[in-house]
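What's in work-v6.txt: compact mmCIF, C-alpha atoms
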```txt
# COMPACT_ATOMS: atom_id res chain seq x y z
CA MET G 23 8.46 0.27 -8.12
CA LYS G 24 4.91 -1.09 -8.10
CA PHE G 25 1.84 0.85 -6.95
CA PHE G 26 -0.95 -0.27 -4.65
CA ILE G 27 -3.85 2.14 -4.19
CA ASP G 28 -4.63 2.91 -0.56
CA THR G 29 -8.41 3.22 -0.41
CA ALA G 30 -11.65 1.34 0.03
CA ASN G 31 -13.51 3.54 -2.45
CA VAL G 32 -14.34 1.30 -5.39
CA ASP G 33 -14.84 4.22 -7.78
CA GLU G 34 -11.29 5.42 -7.11
CA ILE G 35 -10.00 1.88 -7.53
CA ARG G 36 -11.77 1.52 -10.89
CA GLU G 37 -10.36 4.83 -12.14
CA ALA G 38 -6.78 4.01 -11.10
CA ASN G 39 -7.05 0.50 -12.50
CA ALA G 40 -8.30 1.85 -15.83
CA MET G 41 -5.13 3.96 -16.09
CA GLY G 42 -3.06 0.78 -15.80
CA ILE G 43 -0.94 2.09 -12.93
CA ILE G 44 -1.89 -0.11 -9.99
CA CYS G 45 -1.35 -3.77 -9.35
CA GLY G 46 -2.80 -4.09 -5.85
CA VAL G 47 -4.96 -2.53 -3.14
CA THR G 48 -4.43 -1.87 0.55
CA THR G 49 -7.27 -1.19 2.94
CA ASN G 50 -7.65 -0.80 6.67
CA PRO G 51 -10.59 -0.60 9.09
CA SER G 52 -10.56 3.22 9.01
CA LEU G 53 -10.78 3.35 5.21
CA ILE G 54 -13.62 0.85 5.08
CA ALA G 55 -15.44 2.64 7.92
CA LYS G 56 -15.33 5.85 5.85
CA GLU G 57 -17.25 4.07 3.11
CA GLY G 58 -19.93 2.93 5.55
CA ARG G 59 -20.11 -0.51 4.01
CA ASP G 60 -19.68 -4.14 5.06
CA PHE G 61 -16.03 -5.31 5.08
CA ASN G 62 -16.58 -8.53 3.11
CA GLU G 63 -18.83 -6.78 0.59
CA VAL G 64 -16.20 -4.11 -0.13
CA ILE G 65 -13.36 -6.63 -0.39
CA LYS G 66 -15.28 -8.89 -2.77
CA GLU G 67 -16.08 -5.93 -5.02
CA ILE G 68 -12.42 -4.90 -5.05
CA THR G 69 -11.33 -8.42 -6.06
CA GLY G 70 -13.54 -8.09 -9.12
CA ILE G 71 -11.69 -4.95 -10.21
CA VAL G 72 -8.00 -5.53 -9.47
CA ASP G 73 -6.18 -8.77 -10.22
CA GLY G 74 -3.41 -8.43 -7.65
CA PRO G 75 -2.66 -8.47 -3.93
CA ILE G 76 -5.44 -7.03 -1.77
CA SER G 77 -4.70 -6.38 1.88
CA GLY G 78 -7.44 -6.83 4.44
CA GLU G 79 -6.63 -6.02 8.05
CA VAL G 80 -7.60 -7.93 11.17
CA LYS G 81 -9.86 -6.00 13.54
CA ALA G 82 -8.19 -3.19 15.49
CA THR G 83 -9.54 -4.72 18.69
CA THR G 84 -7.95 -8.11 18.04
CA GLU G 85 -4.86 -8.45 20.24
CA LYS G 86 -4.15 -12.16 20.78
CA ALA G 87 -2.22 -14.19 18.22
CA GLU G 88 -4.77 -17.00 18.09
CA ASP G 89 -7.55 -14.52 17.34
CA MET G 90 -5.49 -12.83 14.61
CA VAL G 91 -4.84 -16.25 13.09
CA ALA G 92 -8.55 -17.10 13.11
CA GLU G 93 -9.46 -13.77 11.49
CA GLY G 94 -6.58 -14.10 9.04
CA ARG G 95 -7.83 -17.47 7.86
CA GLU G 96 -11.27 -16.01 7.23
CA ILE G 97 -9.82 -13.06 5.30
CA ALA G 98 -7.72 -15.44 3.19
CA LYS G 99 -10.85 -17.40 2.26
CA ILE G 100 -12.43 -14.36 0.59
CA HIS G 101 -10.20 -14.57 -2.49
CA PRO G 102 -6.85 -16.15 -3.49
CA ASN G 103 -5.33 -12.65 -3.83
CA MET G 104 -6.00 -11.68 -0.23
CA VAL G 105 -3.12 -10.60 2.01
CA VAL G 106 -3.73 -10.42 5.76
CA LYS G 107 -2.60 -7.18 7.42
CA ILE G 108 -1.23 -7.79 10.90
CA PRO G 109 -0.07 -5.12 13.39
CA MET G 110 3.57 -5.03 14.45
CA THR G 111 3.32 -6.52 17.94
CA ALA G 112 4.76 -9.60 19.61
CA GLU G 113 1.38 -11.29 19.24
CA GLY G 114 1.23 -10.15 15.62
CA LEU G 115 4.58 -11.80 14.87
CA LYS G 116 3.29 -15.05 16.38
CA ALA G 117 0.26 -14.86 14.10
CA VAL G 118 2.45 -14.14 11.06
CA LYS G 119 4.53 -17.24 11.79
CA VAL G 120 1.44 -19.47 11.86
CA LEU G 121 -0.24 -17.95 8.83
CA ALA G 122 2.98 -18.02 6.78
CA ALA G 123 3.39 -21.71 7.58
CA GLU G 124 -0.10 -22.26 6.16
CA GLY G 125 0.79 -20.43 2.94
CA ILE G 126 -1.26 -17.33 3.77
CA LYS G 127 0.39 -14.08 2.75
CA THR G 128 0.77 -11.39 5.40
CA ASN G 129 1.52 -7.67 5.48
CA VAL G 130 2.94 -6.45 8.78
CA THR G 131 1.74 -2.90 9.26
CA LEU G 132 2.63 0.02 11.54
CA ILE G 133 6.38 -0.43 11.03
CA PHE G 134 8.44 2.50 12.31
CA THR G 135 11.97 1.08 12.68
CA ALA G 136 14.31 -1.07 10.61
CA ASN G 137 14.46 -3.55 13.51
CA GLN G 138 10.70 -4.01 13.37
CA ALA G 139 10.90 -4.67 9.63
CA LEU G 140 13.67 -7.22 10.11
CA LEU G 141 11.73 -9.04 12.83
CA ALA G 142 8.61 -9.17 10.63
CA ALA G 143 10.64 -10.53 7.71
CA ARG G 144 12.15 -13.23 9.90
CA ALA G 145 8.69 -14.18 11.18
CA GLY G 146 7.69 -14.89 7.57
CA ALA G 147 5.89 -11.72 6.48
CA SER G 148 5.29 -11.40 2.75
CA TYR G 149 5.32 -7.61 3.06
CA VAL G 150 6.33 -4.98 5.61
CA SER G 151 4.69 -1.55 5.66
CA PRO G 152 6.84 1.25 7.10
CA PHE G 153 4.77 4.42 7.65
CA LEU G 154 6.60 7.41 6.18
CA GLY G 155 4.06 10.16 6.72
CA ARG G 156 3.54 9.46 10.39
CA LEU G 157 7.29 9.60 10.98
CA ASP G 158 7.46 12.91 9.12
CA ASP G 159 4.68 14.17 11.41
CA ILE G 160 7.02 13.84 14.39
CA SER G 161 10.00 15.42 12.59
CA THR G 162 11.67 12.08 11.77
CA ASP G 163 13.00 11.17 8.31
CA GLY G 164 10.43 8.73 6.97
CA THR G 165 12.16 8.06 3.65
CA GLY G 166 15.43 7.46 5.49
CA LEU G 167 13.76 4.43 7.05
CA ILE G 168 13.11 2.99 3.58
CA TYR G 169 16.81 3.31 2.75
CA GLU G 170 17.71 1.46 5.96
CA ILE G 171 15.27 -1.40 5.44
CA ALA G 172 16.22 -1.82 1.77
CA GLN G 173 19.92 -1.94 2.65
CA ILE G 174 19.36 -4.53 5.37
CA PHE G 175 17.18 -6.73 3.18
CA ASP G 176 19.73 -6.48 0.35
CA ASN G 177 22.42 -7.73 2.73
CA TYR G 178 20.51 -11.00 3.19
CA PRO G 179 19.36 -12.49 -0.13
CA GLU G 180 17.29 -15.13 1.67
CA ILE G 181 14.88 -12.39 2.76
CA THR G 182 12.13 -12.23 0.15
CA THR G 183 9.86 -9.87 2.09
CA GLU G 184 8.81 -6.88 -0.01
CA ILE G 185 8.85 -3.30 1.30
CA ILE G 186 5.57 -1.43 0.99
CA CYS G 187 6.11 2.32 1.46
CA ALA G 188 2.97 3.28 3.38
CA SER G 189 1.43 6.49 4.69
CA THR G 190 2.65 8.39 1.63
CA ARG G 191 1.38 11.97 1.63
CA HIS G 192 2.69 13.59 -1.57
CA PRO G 193 4.53 12.84 -4.85
CA LEU G 194 7.97 13.58 -3.37
CA HIS G 195 7.48 10.68 -0.97
CA ILE G 196 7.02 8.39 -3.97
CA THR G 197 10.13 9.68 -5.74
CA GLU G 198 12.25 9.26 -2.61
CA CYS G 199 10.89 5.76 -1.96
CA ALA G 200 11.72 4.71 -5.52
CA LYS G 201 15.26 6.07 -5.11
CA ALA G 202 15.58 4.22 -1.80
CA GLY G 203 14.66 0.88 -3.36
CA GLY G 204 11.17 0.40 -1.97
CA ASP G 205 9.38 -2.41 -3.79
CA ILE G 206 5.89 -0.95 -3.61
CA ALA G 207 4.28 2.37 -2.77
CA THR G 208 0.77 2.28 -1.39
CA VAL G 209 -0.70 5.57 -2.53
CA PRO G 210 -3.97 7.44 -1.90
CA PHE G 211 -5.92 8.27 -5.05
CA LYS G 212 -5.30 11.99 -4.49
CA VAL G 213 -1.53 11.47 -4.56
CA LEU G 214 -1.74 9.31 -7.69
CA MET G 215 -3.55 12.14 -9.47
CA GLN G 216 -0.99 14.68 -8.21
CA MET G 217 1.71 12.51 -9.78
CA VAL G 218 -0.08 12.67 -13.14
CA LYS G 219 -0.32 16.46 -13.15
CA HIS G 220 2.26 19.14 -13.90
CA PRO G 221 1.50 22.79 -14.81
CA LEU G 222 3.93 22.71 -17.75
CA THR G 223 2.14 19.65 -19.14
CA ASP G 224 -1.18 21.52 -18.93
CA ILE G 225 0.33 24.61 -20.57
CA GLY G 226 1.87 22.47 -23.33
CA ILE G 227 -1.42 20.76 -24.07
CA GLU G 228 -3.20 24.09 -24.33
CA LYS G 229 -0.49 25.45 -26.66
CA PHE G 230 -0.63 22.39 -28.91
CA LYS G 231 -4.41 22.74 -29.01
CA ALA G 232 -4.21 26.46 -29.89
CA ASP G 233 -1.60 25.84 -32.60
CA TYR G 234 -3.71 23.06 -34.15
CA GLU G 235 -6.87 25.19 -34.15
CA ALA G 236 -4.96 28.14 -35.70
CA VAL G 237 -4.11 25.99 -38.71
CA PHE G 238 -7.05 23.57 -38.97
CA GLY G 239 -9.77 25.34 -37.00
CA LYS G 240 -12.01 23.83 -34.41
```

Any chance you could put this one into structure tokens?
Amino acid sequence: MKFFIDTANVDEIREANAMGIICGVTTNPSLIAKEGRDFNEVIKEITGIVDGPISGEVKATTEKAEDMVAEGREIAKIHPNMVVKIPMTAEGLKAVKVLAAEGIKTNVTLIFTANQALLAARAGASYVSPFLGRLDDISTDGTGLIYEIAQIFDNYPEITTEIICASTRHPLHITECAKAGGDIATVPFKVLMQMVKHPLTDIGIEKFKADYEAVFGK
């Protein structure tokens, strides 16, 4: 499983990239709005940090396919690594078809069913992003959806669309997604750091340190 960091905070991106654990970045209008910065400025800075896929989403107010296509073309011009995030709607699928035909990579977001993922794949999406956490919020098995999509895609080798496990909330989500066969987990910085930590690791480090100092001193 590969890891994309889900943030628009360039300091978090630099830290995660320095650890060698991420190979891409996903952003959305909400994340960029939190940073209070210009969209293009943030994206360009990110492209200078991470050499991998970087998702930039069309505006939340954009509803028509032709407008999504126009915005998608502009996003794709920012950098060769750009991936255009498109919402899972009928108009979104139309936009994906056009952009895919032009060689522009797309990430269909807000996926909540296996059928939606299959439709997006058939439209030509490079990635689909099922939202685990939001399904969990309504007492639905989010990781079960990853199992379903992975099984369906495996049944049809001609499907090359990758599964991005999105809206991950905690380390267990990541473990379950990896077991289910998700290709990528898009993970908030907080969750990445939770994955690094374990109390027994911390205790072990302190013990090793104490043992060393007992013999060799500080």

Shell around range 166-182 of chain G at 8 Å using all atoms listed in the file, local window under 4 positions removed, as a list in words
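Listed by chain and then number, they are Phe134, Thr135, Ala136, Ala139, Leu140, Ala143, Arg144, Ser148, Pro152, Leu154, Cys187, Cys199, Ala202, Gly203 and Gly204 of chain G.
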
Nearest candidate to Thr165 in chain G (options G:Gly146, G:Ser189, G:Leu214, G:Phe230; using all atoms listed in the file)
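Answer, going by the shortest atom-to-atom distance: G:Ser189.
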
List the residues sitting within 12 Å of (7.4, -2.1, -14.0) in the file's frame, using all atoms listed in the file, as JSON, numbers by chain.
{"G": [23, 24, 25, 42, 43, 44, 45, 200, 205, 206]}

Give as an MDAnalysis selection string each residue that has an atom at most 10 Å from (-4.7, -12.7, 9.7) in the file, counting only C-alpha atoms.
chainID G and resid 78:81 87:98 105:109 114 117:118 120:122 126:130

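When all atoms listed in the file are used to compute distances to Asp33 in chain G, the closest of the residues G:Ile54, G:Thr83, G:Phe211, G:Ala112 turns out to be G:Phe211.
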
With all atoms listed in the file as the basis for distance, which of G:Val47, G:Ala188, G:Leu141, G:Ile227 is at the shortest distance from Gly164 in chain G?
G:Ala188

Given the choices G:Thr111, G:Gln138, G:Ser161, G:Ser151, which gets closest to Ala207 in chain G if the distance is worked out from only C-alpha atoms?
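For Ala207 in chain G, the nearest of the candidates is G:Ser151.
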
Need the shell around range 192-194 of chain G: protein/DNA/RNA residues with any atom at most 8 Å away, counting all atoms listed in the file. Skip same-chain ones fewer than 3 positions apart. Format as a short mmCIF file (atom, residue, chain, number, x, y, z; two decimals) with C-alpha atoms, keeping the file's coordinate frame?
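Contents of around.cif, freshly written:
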```cif
data_model
loop_
_atom_site.label_atom_id
_atom_site.label_comp_id
_atom_site.auth_asym_id
_atom_site.auth_seq_id
_atom_site.Cartn_x
_atom_site.Cartn_y
_atom_site.Cartn_z
CA THR G 197 10.13 9.68 -5.74
CA GLU G 198 12.25 9.26 -2.61
CA VAL G 213 -1.53 11.47 -4.56
CA LEU G 214 -1.74 9.31 -7.69
CA GLN G 216 -0.99 14.68 -8.21
CA MET G 217 1.71 12.51 -9.78
#
```

Nearest candidate to Thr208 in chain G (options G:Thr162, G:Val32, G:Arg59, G:Thr49; using all atoms listed in the file):
G:Thr49

Go ahead and compute the interatomic distance for CA of Thr84 in chain G and CA of Pro51 in chain G, in Å to one decimal.
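These two atoms are separated by 12.0 Å.
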
One-decimal distance in Å that lies between CA of Met110 in chain G and CA of Glu124 in chain G
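Separation between CA of Glu124 in chain G and CA of Met110 in chain G: 19.5 Å.
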